[in-house]
>>> print(open('protein_22.cif').read())   # mmCIF, C-alpha atoms and all ligand atoms
data_work
#
loop_
_atom_site.label_atom_id
_atom_site.label_comp_id
_atom_site.auth_asym_id
_atom_site.auth_seq_id
_atom_site.Cartn_x
_atom_site.Cartn_y
_atom_site.Cartn_z
CA MET A 1282 99.72 109.93 102.22
CA HIS A 1283 100.19 106.48 100.77
CA HIS A 1284 100.20 103.51 103.16
CA ASN A 1285 100.49 106.13 105.90
CA VAL A 1286 103.73 107.52 104.52
CA ARG A 1287 103.87 111.17 103.47
CA TYR A 1288 105.38 111.78 100.05
CA ASN A 1289 106.03 114.98 98.11
CA CYS A 1290 104.25 114.36 94.82
CA ARG A 1291 103.46 115.64 91.39
CA VAL A 1292 99.96 114.94 90.17
CA LEU A 1293 99.42 114.71 86.42
CA PHE A 1294 95.93 115.49 85.19
CA LEU A 1295 94.07 115.50 81.90
CA ASN A 1296 90.49 116.66 81.51
CA ARG A 1297 89.52 116.22 85.20
CA LYS A 1298 91.15 112.81 85.45
CA ILE A 1299 94.33 112.04 87.36
CA LEU A 1300 96.69 110.14 85.09
CA LEU A 1301 99.33 109.40 87.67
CA ILE A 1302 100.84 110.50 90.93
CA ARG A 1303 104.62 110.54 90.97
CA PRO A 1304 106.25 110.76 94.42
CA LYS A 1305 109.60 112.52 94.70
CA MET A 1306 112.49 110.05 94.86
CA LEU A 1307 115.53 112.25 95.49
CA MET A 1308 115.05 114.86 98.15
CA ALA A 1309 116.43 118.33 98.76
CA ASN A 1310 118.00 118.26 102.18
CA HIS A 1311 120.77 120.80 101.91
CA GLY A 1312 121.08 124.57 102.34
CA ILE A 1313 117.66 126.03 103.04
CA TYR A 1314 115.86 122.75 102.27
CA ARG A 1315 114.70 120.31 104.96
CA GLU A 1316 112.45 118.04 102.95
CA MET A 1317 113.21 114.93 104.97
CA ARG A 1318 111.60 116.59 107.96
CA TRP A 1319 108.22 116.22 106.29
CA PHE A 1320 108.48 113.72 103.49
CA SER A 1321 109.88 110.27 102.80
CA PRO A 1322 111.51 109.57 99.44
CA TRP A 1323 109.89 106.98 97.20
CA SER A 1324 112.55 104.31 96.87
CA ARG A 1325 110.83 101.67 94.74
CA LEU A 1326 112.42 102.20 91.36
CA ARG A 1327 110.08 101.54 88.44
CA GLN A 1328 107.39 100.28 90.73
CA VAL A 1329 103.82 101.42 90.59
CA GLU A 1330 101.09 100.82 93.14
CA GLU A 1331 97.39 101.52 93.36
CA TYR A 1332 96.55 104.70 95.21
CA PHE A 1333 93.09 105.02 96.71
CA LEU A 1334 91.93 108.58 96.21
CA PRO A 1335 90.31 110.43 99.11
CA ARG A 1336 86.50 110.37 98.79
CA MET A 1337 86.22 114.11 98.04
CA ILE A 1338 88.65 113.72 95.11
CA GLN A 1339 86.82 110.61 93.89
CA GLU A 1340 83.69 112.72 93.57
CA VAL A 1341 85.49 115.24 91.37
CA THR A 1342 87.40 112.89 89.09
CA GLY A 1343 85.10 109.87 89.11
CA GLN A 1344 88.10 107.63 89.81
CA ASP A 1345 88.57 105.35 92.80
CA THR A 1346 92.23 104.56 92.31
CA VAL A 1347 95.11 105.96 90.27
CA PRO A 1348 98.69 104.77 89.56
CA PHE A 1349 101.20 105.93 92.17
CA GLY A 1350 104.95 105.49 91.86
CA ASP A 1351 107.94 105.72 89.57
CA CYS A 1352 106.23 105.61 86.19
CA VAL A 1353 105.92 107.58 82.95
CA LEU A 1354 103.11 108.38 80.54
CA SER A 1355 103.06 106.58 77.22
CA THR A 1356 100.79 108.09 74.58
CA LYS A 1357 100.18 107.22 70.95
CA ASP A 1358 102.70 109.87 69.89
CA THR A 1359 105.39 109.97 72.54
CA CYS A 1360 106.45 109.16 76.06
CA ILE A 1361 106.51 111.76 78.84
CA GLY A 1362 108.41 111.51 82.10
CA THR A 1363 108.62 113.65 85.20
CA GLU A 1364 111.31 114.93 87.49
CA ILE A 1365 110.75 116.93 90.62
CA CYS A 1366 113.07 119.81 91.37
CA ALA A 1367 116.19 118.51 93.13
CA GLU A 1368 116.09 115.28 91.12
CA LEU A 1369 117.58 117.23 88.23
CA TRP A 1370 120.56 118.18 90.40
CA ASN A 1371 121.32 114.67 91.58
CA PRO A 1372 124.08 112.54 90.01
CA ASN A 1373 121.50 109.78 89.72
CA SER A 1374 118.82 111.91 88.07
CA PRO A 1375 115.74 109.99 86.87
CA HIS A 1376 116.05 111.60 83.41
CA ILE A 1377 119.11 109.39 82.75
CA GLN A 1378 117.22 106.12 82.98
CA MET A 1379 114.08 107.59 81.47
CA GLY A 1380 116.06 108.80 78.44
CA LEU A 1381 117.61 105.37 78.01
CA ASP A 1382 114.12 103.89 78.19
CA GLY A 1383 112.83 106.10 75.37
CA VAL A 1384 111.13 108.91 77.26
CA GLU A 1385 111.17 111.85 74.81
CA ILE A 1386 109.73 114.66 76.91
CA PHE A 1387 111.01 115.31 80.42
CA THR A 1388 109.08 117.68 82.64
CA ASN A 1389 110.19 119.26 85.88
CA SER A 1390 108.23 121.31 88.38
CA SER A 1391 110.62 123.06 90.73
CA ALA A 1392 110.81 125.30 93.72
CA SER A 1393 114.36 126.43 93.21
CA HIS A 1394 115.31 129.64 94.97
CA HIS A 1395 117.46 132.48 93.74
CA GLU A 1396 121.17 132.55 94.39
CA LEU A 1397 123.77 134.37 92.37
CA ARG A 1398 124.70 132.37 89.26
CA LYS A 1399 122.26 129.55 90.04
CA ALA A 1400 120.06 130.32 87.03
CA ASP A 1401 123.12 129.62 84.92
CA GLN A 1402 123.64 126.31 86.71
CA ARG A 1403 120.06 125.28 85.92
CA VAL A 1404 120.54 126.07 82.25
CA ASN A 1405 123.74 124.03 82.24
CA LEU A 1406 122.12 121.05 83.99
CA ILE A 1407 119.24 120.91 81.54
CA LYS A 1408 121.44 121.50 78.51
CA SER A 1409 123.76 118.76 79.67
CA ALA A 1410 120.89 116.33 80.34
CA THR A 1411 119.46 116.77 76.87
CA THR A 1412 122.83 116.95 75.12
CA LYS A 1413 123.80 113.56 76.51
CA SER A 1414 120.56 111.69 76.07
CA GLY A 1415 118.62 113.86 73.62
CA GLY A 1416 115.06 114.85 74.37
CA ILE A 1417 112.86 117.80 75.18
CA TYR A 1418 113.00 119.25 78.68
CA LEU A 1419 110.14 121.38 79.98
CA TYR A 1420 111.27 123.14 83.12
CA ALA A 1421 108.88 125.11 85.32
CA ASN A 1422 110.01 126.92 88.44
CA GLN A 1423 108.15 128.80 91.11
CA ARG A 1424 108.58 132.58 90.92
CA GLY A 1425 108.08 135.06 93.73
CA CYS A 1426 108.60 135.24 97.46
CA ASP A 1427 107.57 132.41 99.71
CA GLY A 1428 106.77 134.03 103.03
CA ASP A 1429 110.24 134.71 104.30
CA ARG A 1430 113.30 136.22 102.67
CA VAL A 1431 113.69 133.60 99.97
CA TYR A 1432 112.99 134.54 96.37
CA TYR A 1433 112.19 131.87 93.79
CA ASP A 1434 113.39 133.06 90.45
CA GLY A 1435 111.37 131.37 87.74
CA CYS A 1436 113.32 131.05 84.49
CA ALA A 1437 111.00 128.44 82.99
CA MET A 1438 112.70 126.81 80.03
CA VAL A 1439 112.09 124.70 76.98
CA VAL A 1440 115.21 122.86 75.84
CA ILE A 1441 115.68 120.38 73.03
CA ASN A 1442 118.80 118.30 72.42
CA GLY A 1443 120.98 120.76 74.35
CA ASP A 1444 119.51 123.97 72.86
CA VAL A 1445 117.43 126.41 74.88
CA VAL A 1446 114.51 127.40 72.64
CA ALA A 1447 112.38 129.36 75.12
CA HIS A 1448 113.20 131.05 78.41
CA GLY A 1449 110.90 132.75 80.92
CA ALA A 1450 111.64 135.79 83.07
CA GLN A 1451 113.71 135.55 86.21
CA PHE A 1452 112.25 138.62 87.92
CA SER A 1453 108.68 139.67 87.32
CA LEU A 1454 105.51 140.66 89.18
CA ASP A 1455 103.20 138.75 86.84
CA ASP A 1456 101.22 136.01 88.56
CA VAL A 1457 101.34 133.70 85.58
CA GLU A 1458 103.70 133.38 82.67
CA VAL A 1459 103.45 130.79 79.93
CA ILE A 1460 106.30 130.12 77.55
CA THR A 1461 105.86 128.01 74.46
CA ALA A 1462 107.87 126.48 71.66
CA THR A 1463 106.82 124.39 68.67
CA LEU A 1464 109.10 121.41 68.35
CA ASP A 1465 109.34 118.31 66.22
CA LEU A 1466 109.66 114.98 68.03
CA GLU A 1467 111.47 113.65 64.99
CA ASP A 1468 114.38 115.95 65.95
CA VAL A 1469 114.71 113.98 69.18
CA ARG A 1470 114.57 110.67 67.36
CA SER A 1471 117.16 111.59 64.75
CA TYR A 1472 119.45 113.16 67.39
CA ARG A 1473 119.28 109.99 69.45
CA GLY A 1474 119.75 107.81 66.42
CA GLU A 1475 122.92 109.64 65.48
CA LEU A 1476 124.47 110.64 68.80
CA CYS A 1477 123.04 108.65 71.67
CA GLN A 1478 123.77 105.01 71.19
CA PRO A 1479 124.34 103.81 74.75
CA HIS A 1480 124.55 100.20 73.70
CA MET A 1481 127.19 100.82 71.05
CA GLU A 1482 130.53 99.23 71.91
CA VAL A 1483 133.41 101.63 72.24
CA ILE A 1484 136.20 100.41 70.01
N1 LIG A 1501 113.24 122.32 96.16
C1 LIG A 1501 114.22 121.67 95.61
O1 LIG A 1501 114.18 120.43 95.43
C2 LIG A 1501 115.43 122.50 95.18
C3 LIG A 1501 116.71 121.81 95.15
C4 LIG A 1501 117.78 122.35 94.22
N2 LIG A 1501 119.07 122.11 94.79
C5 LIG A 1501 117.64 123.81 93.90
O2 LIG A 1501 118.03 124.64 94.65
O3 LIG A 1501 117.17 124.14 92.87
#
>>> encode(input="protein_22.cif", output="structure tokens", more="lines below")
Ligand SMILES: NC(=O)CC[C@H](N)C(=O)O
Amino acid sequence: MHHNVRYNCRVLFLNRKILLIRPKMLMANHGIYREMRWFSPWSRLRQVEEYFLPRMIQEVTGQDTVPFGDCVLSTKDTCIGTEICAELWNPNSPHIQMGLDGVEIFTNSSASHHELRKADQRVNLIKSATTKSGGIYLYANQRGCDGDRVYYDGCAMVVINGDVVAHGAQFSLDDVEVITATLDLEDVRSYRGELCQPHMEVI
């Protein structure tokens, strides 16, 4: 809850500290999803506010407030942005603006359920996102059954500049699966330098 509004959020941590809380901006409200019943979308583009942590969390992290809103993480080496599930599927996906702003690593935590041929759609969406704007996309998806008859079918992925370089299992009984890839951020920079010049005039 932030200002008494309930958001669906990703929380980014490092070494017991919360780096930022990113509320979902584009909701899933179709098919089996009824997100708007519970959550409000964050509509303040590129705006960040101060979030006062609940006292029990303050005791764990030692922080009183953390950034909350539409923001990214800038480090000495790179810039990391987040998408949440359905945001990848939206024509106005946050990765578009983030890519144009120089975010090099996009991350997505999803709860995307299984339907025939949908895994292929996800691959195409992520390949297309990173083909157009360059970048590395780290996609994580829930895997397993969620109470009822819905199956979430994993397929975690690592994609760089339109190429899938690692792919997790779609069906498995393992509780945890980690997929990895060693990539060079310079490949993103040179790809963008050569192919993604959004400000170049078309002659
Ligand atoms: N939970 C979500 O946001 C999922 C939405 C998306 N359309 C999907 O099925 O993957």
>>> closest_residue(input="protein_22.cif", among="A:Phe1294, A:Trp1370, A:Trp1319, A:Tyr1288", to="ligand LIG 1501 (chain A)", atoms="all atoms listed in the file")
A:Trp1370
>>> closest_residue(input="protein_22.cif", among="A:Val1286, A:Ile1302, A:Cys1436, A:Ala1447", to="ligand LIG 1501 (chain A)", atoms="all atoms listed in the file")
A:Cys1436
>>> residues_around(input="protein_22.cif", residues="range 1408-1415 of chain A", least_positions_apart="4", cutoff="12 Å", atoms="all atoms listed in the file", output="PyMOL selection string")
chain A and resi 1368-1388+1401-1404+1419-1420+1438-1446+1466-1479
>>> closest_atom_pairs(input="protein_22.cif", of="chain A", to="ligand LIG 1501 (chain A)", cutoff="12 Å", atoms="all atoms listed in the file", output="tab-separated table")
residue	atom	partner	partner_atom	distance
A:Asn1289	CA	A:LIG1501	O1	10.2
A:Cys1290	CA	A:LIG1501	O1	11.7
A:Lys1305	CA	A:LIG1501	O1	9.2
A:Met1306	CA	A:LIG1501	O1	10.5
A:Leu1307	CA	A:LIG1501	O1	8.3
A:Met1308	CA	A:LIG1501	O1	6.3
A:Ala1309	CA	A:LIG1501	O1	4.5
A:Asn1310	CA	A:LIG1501	C3	8.0
A:His1311	CA	A:LIG1501	N2	7.4
A:Gly1312	CA	A:LIG1501	N2	8.2
A:Ile1313	CA	A:LIG1501	O2	8.5
A:Tyr1314	CA	A:LIG1501	N1	6.7
A:Arg1315	CA	A:LIG1501	N1	9.1
A:Glu1316	CA	A:LIG1501	N1	8.1
A:Met1317	CA	A:LIG1501	O1	11.1
A:Phe1320	CA	A:LIG1501	O1	11.9
A:Pro1322	CA	A:LIG1501	O1	11.9
A:Glu1364	CA	A:LIG1501	O1	10.1
A:Ile1365	CA	A:LIG1501	O1	6.9
A:Cys1366	CA	A:LIG1501	O1	4.3
A:Ala1367	CA	A:LIG1501	O1	3.6
A:Glu1368	CA	A:LIG1501	O1	7.0
A:Leu1369	CA	A:LIG1501	C4	7.9
A:Trp1370	CA	A:LIG1501	N2	6.1
A:Asn1371	CA	A:LIG1501	N2	8.4
A:Pro1372	CA	A:LIG1501	N2	11.8
A:Asn1389	CA	A:LIG1501	O1	10.4
A:Ser1390	CA	A:LIG1501	O1	9.3
A:Ser1391	CA	A:LIG1501	N1	6.1
A:Ala1392	CA	A:LIG1501	N1	4.6
A:Ser1393	CA	A:LIG1501	O3	3.6
A:His1394	CA	A:LIG1501	O2	5.7
A:His1395	CA	A:LIG1501	O2	7.9
A:Glu1396	CA	A:LIG1501	O2	8.5
A:Leu1397	CA	A:LIG1501	O2	11.5
A:Arg1398	CA	A:LIG1501	O2	11.5
A:Lys1399	CA	A:LIG1501	O3	7.9
A:Ala1400	CA	A:LIG1501	O3	9.0
A:Asp1401	CA	A:LIG1501	O3	11.3
A:Gln1402	CA	A:LIG1501	O3	9.2
A:Arg1403	CA	A:LIG1501	O3	7.6
A:Val1404	CA	A:LIG1501	O3	11.3
A:Leu1406	CA	A:LIG1501	O3	10.6
A:Ile1407	CA	A:LIG1501	O3	12.0
A:Tyr1420	CA	A:LIG1501	O3	11.4
A:Ala1421	CA	A:LIG1501	O3	11.3
A:Asn1422	CA	A:LIG1501	O3	8.9
A:Gln1423	CA	A:LIG1501	N1	9.7
A:Val1431	CA	A:LIG1501	O2	11.3
A:Tyr1432	CA	A:LIG1501	O2	11.2
A:Tyr1433	CA	A:LIG1501	O3	9.2
A:Asp1434	CA	A:LIG1501	O3	10.0
A:Gly1435	CA	A:LIG1501	O3	10.6
A:Cys1436	CA	A:LIG1501	O3	11.5
>>> write_last_selection(input="protein_22.cif", atoms="C-alpha atoms", output="CSV table (one decimal), keeping the file's coordinate frame")
chain,number,residue,atom,x,y,z
A,1289,ASN,CA,106.0,115.0,98.1
A,1290,CYS,CA,104.2,114.4,94.8
A,1305,LYS,CA,109.6,112.5,94.7
A,1306,MET,CA,112.5,110.0,94.9
A,1307,LEU,CA,115.5,112.2,95.5
A,1308,MET,CA,115.0,114.9,98.2
A,1309,ALA,CA,116.4,118.3,98.8
A,1310,ASN,CA,118.0,118.3,102.2
A,1311,HIS,CA,120.8,120.8,101.9
A,1312,GLY,CA,121.1,124.6,102.3
A,1313,ILE,CA,117.7,126.0,103.0
A,1314,TYR,CA,115.9,122.8,102.3
A,1315,ARG,CA,114.7,120.3,105.0
A,1316,GLU,CA,112.4,118.0,103.0
A,1317,MET,CA,113.2,114.9,105.0
A,1320,PHE,CA,108.5,113.7,103.5
A,1322,PRO,CA,111.5,109.6,99.4
A,1364,GLU,CA,111.3,114.9,87.5
A,1365,ILE,CA,110.8,116.9,90.6
A,1366,CYS,CA,113.1,119.8,91.4
A,1367,ALA,CA,116.2,118.5,93.1
A,1368,GLU,CA,116.1,115.3,91.1
A,1369,LEU,CA,117.6,117.2,88.2
A,1370,TRP,CA,120.6,118.2,90.4
A,1371,ASN,CA,121.3,114.7,91.6
A,1372,PRO,CA,124.1,112.5,90.0
A,1389,ASN,CA,110.2,119.3,85.9
A,1390,SER,CA,108.2,121.3,88.4
A,1391,SER,CA,110.6,123.1,90.7
A,1392,ALA,CA,110.8,125.3,93.7
A,1393,SER,CA,114.4,126.4,93.2
A,1394,HIS,CA,115.3,129.6,95.0
A,1395,HIS,CA,117.5,132.5,93.7
A,1396,GLU,CA,121.2,132.6,94.4
A,1397,LEU,CA,123.8,134.4,92.4
A,1398,ARG,CA,124.7,132.4,89.3
A,1399,LYS,CA,122.3,129.6,90.0
A,1400,ALA,CA,120.1,130.3,87.0
A,1401,ASP,CA,123.1,129.6,84.9
A,1402,GLN,CA,123.6,126.3,86.7
A,1403,ARG,CA,120.1,125.3,85.9
A,1404,VAL,CA,120.5,126.1,82.2
A,1406,LEU,CA,122.1,121.0,84.0
A,1407,ILE,CA,119.2,120.9,81.5
A,1420,TYR,CA,111.3,123.1,83.1
A,1421,ALA,CA,108.9,125.1,85.3
A,1422,ASN,CA,110.0,126.9,88.4
A,1423,GLN,CA,108.2,128.8,91.1
A,1431,VAL,CA,113.7,133.6,100.0
A,1432,TYR,CA,113.0,134.5,96.4
A,1433,TYR,CA,112.2,131.9,93.8
A,1434,ASP,CA,113.4,133.1,90.4
A,1435,GLY,CA,111.4,131.4,87.7
A,1436,CYS,CA,113.3,131.0,84.5
>>> residues_around(input="protein_22.cif", residues="Pro1335 in chain A", least_positions_apart="4", cutoff="9 Å", atoms="all atoms listed in the file", output="number ranges by chain")
A: 1339-1340, 1345
>>> atom_distance(input="protein_22.cif", atom1="CA of Arg1430 in chain A", atom2="CA of Asp1456 in chain A")
18.6 Å
>>> atom_distance(input="protein_22.cif", atom1="CA of Gln1344 in chain A", atom2="CA of Glu1330 in chain A")
15.0 Å
>>> closest_residue(input="protein_22.cif", among="A:Arg1424, A:Lys1357, A:Asp1429, A:Tyr1418", to="Glu1458 in chain A", atoms="all atoms listed in the file")
A:Arg1424
>>> atom_distance(input="protein_22.cif", atom1="CA of Pro1348 in chain A", atom2="CA of Ile1417 in chain A")
24.0 Å
>>> residues_around(input="protein_22.cif", residues="Leu1300 in chain A", least_positions_apart="2", cutoff="10 Å", atoms="only C-alpha atoms", output="compact mmCIF listing (two decimals) with C-alpha atoms, keeping the file's coordinate frame")
# COMPACT_ATOMS: atom_id res chain seq x y z
CA VAL A 1292 99.96 114.94 90.17
CA LEU A 1293 99.42 114.71 86.42
CA PHE A 1294 95.93 115.49 85.19
CA LEU A 1295 94.07 115.50 81.90
CA ASN A 1296 90.49 116.66 81.51
CA ARG A 1297 89.52 116.22 85.20
CA LYS A 1298 91.15 112.81 85.45
CA ILE A 1302 100.84 110.50 90.93
CA ARG A 1303 104.62 110.54 90.97
CA VAL A 1347 95.11 105.96 90.27
CA PRO A 1348 98.69 104.77 89.56
CA PHE A 1349 101.20 105.93 92.17
CA VAL A 1353 105.92 107.58 82.95
CA LEU A 1354 103.11 108.38 80.54
>>> residues_near_point(input="protein_22.cif", point="(107.2, 141.3, 94.5)", cutoff="7 Å", atoms="all atoms listed in the file", output="PyMOL selection string")
chain A and resi 1425-1426+1454
>>> closest_residue(input="protein_22.cif", among="A:Gln1451, A:Cys1360, A:Asp1465, A:Ser1321", to="Asn1285 in chain A", atoms="all atoms listed in the file")
A:Ser1321
>>> residues_near_point(input="protein_22.cif", point="(107.2, 131.7, 78.7)", cutoff="7 Å", atoms="only C-alpha atoms", output="list in words")
Ala1437, Ala1447, His1448, Gly1449, Glu1458, Val1459, Ile1460 and Thr1461 of chain A
>>> write_last_selection(input="protein_22.cif", atoms="C-alpha atoms", output="PDB file, in the coordinates of the input")
ATOM      1  CA  ALA A1437     111.000 128.440  82.990  1.00  0.00           C
ATOM      2  CA  ALA A1447     112.380 129.360  75.120  1.00  0.00           C
ATOM      3  CA  HIS A1448     113.200 131.050  78.410  1.00  0.00           C
ATOM      4  CA  GLY A1449     110.900 132.750  80.920  1.00  0.00           C
ATOM      5  CA  GLU A1458     103.700 133.380  82.670  1.00  0.00           C
ATOM      6  CA  VAL A1459     103.450 130.790  79.930  1.00  0.00           C
ATOM      7  CA  ILE A1460     106.300 130.120  77.550  1.00  0.00           C
ATOM      8  CA  THR A1461     105.860 128.010  74.460  1.00  0.00           C
TER       9      THR A1461
END
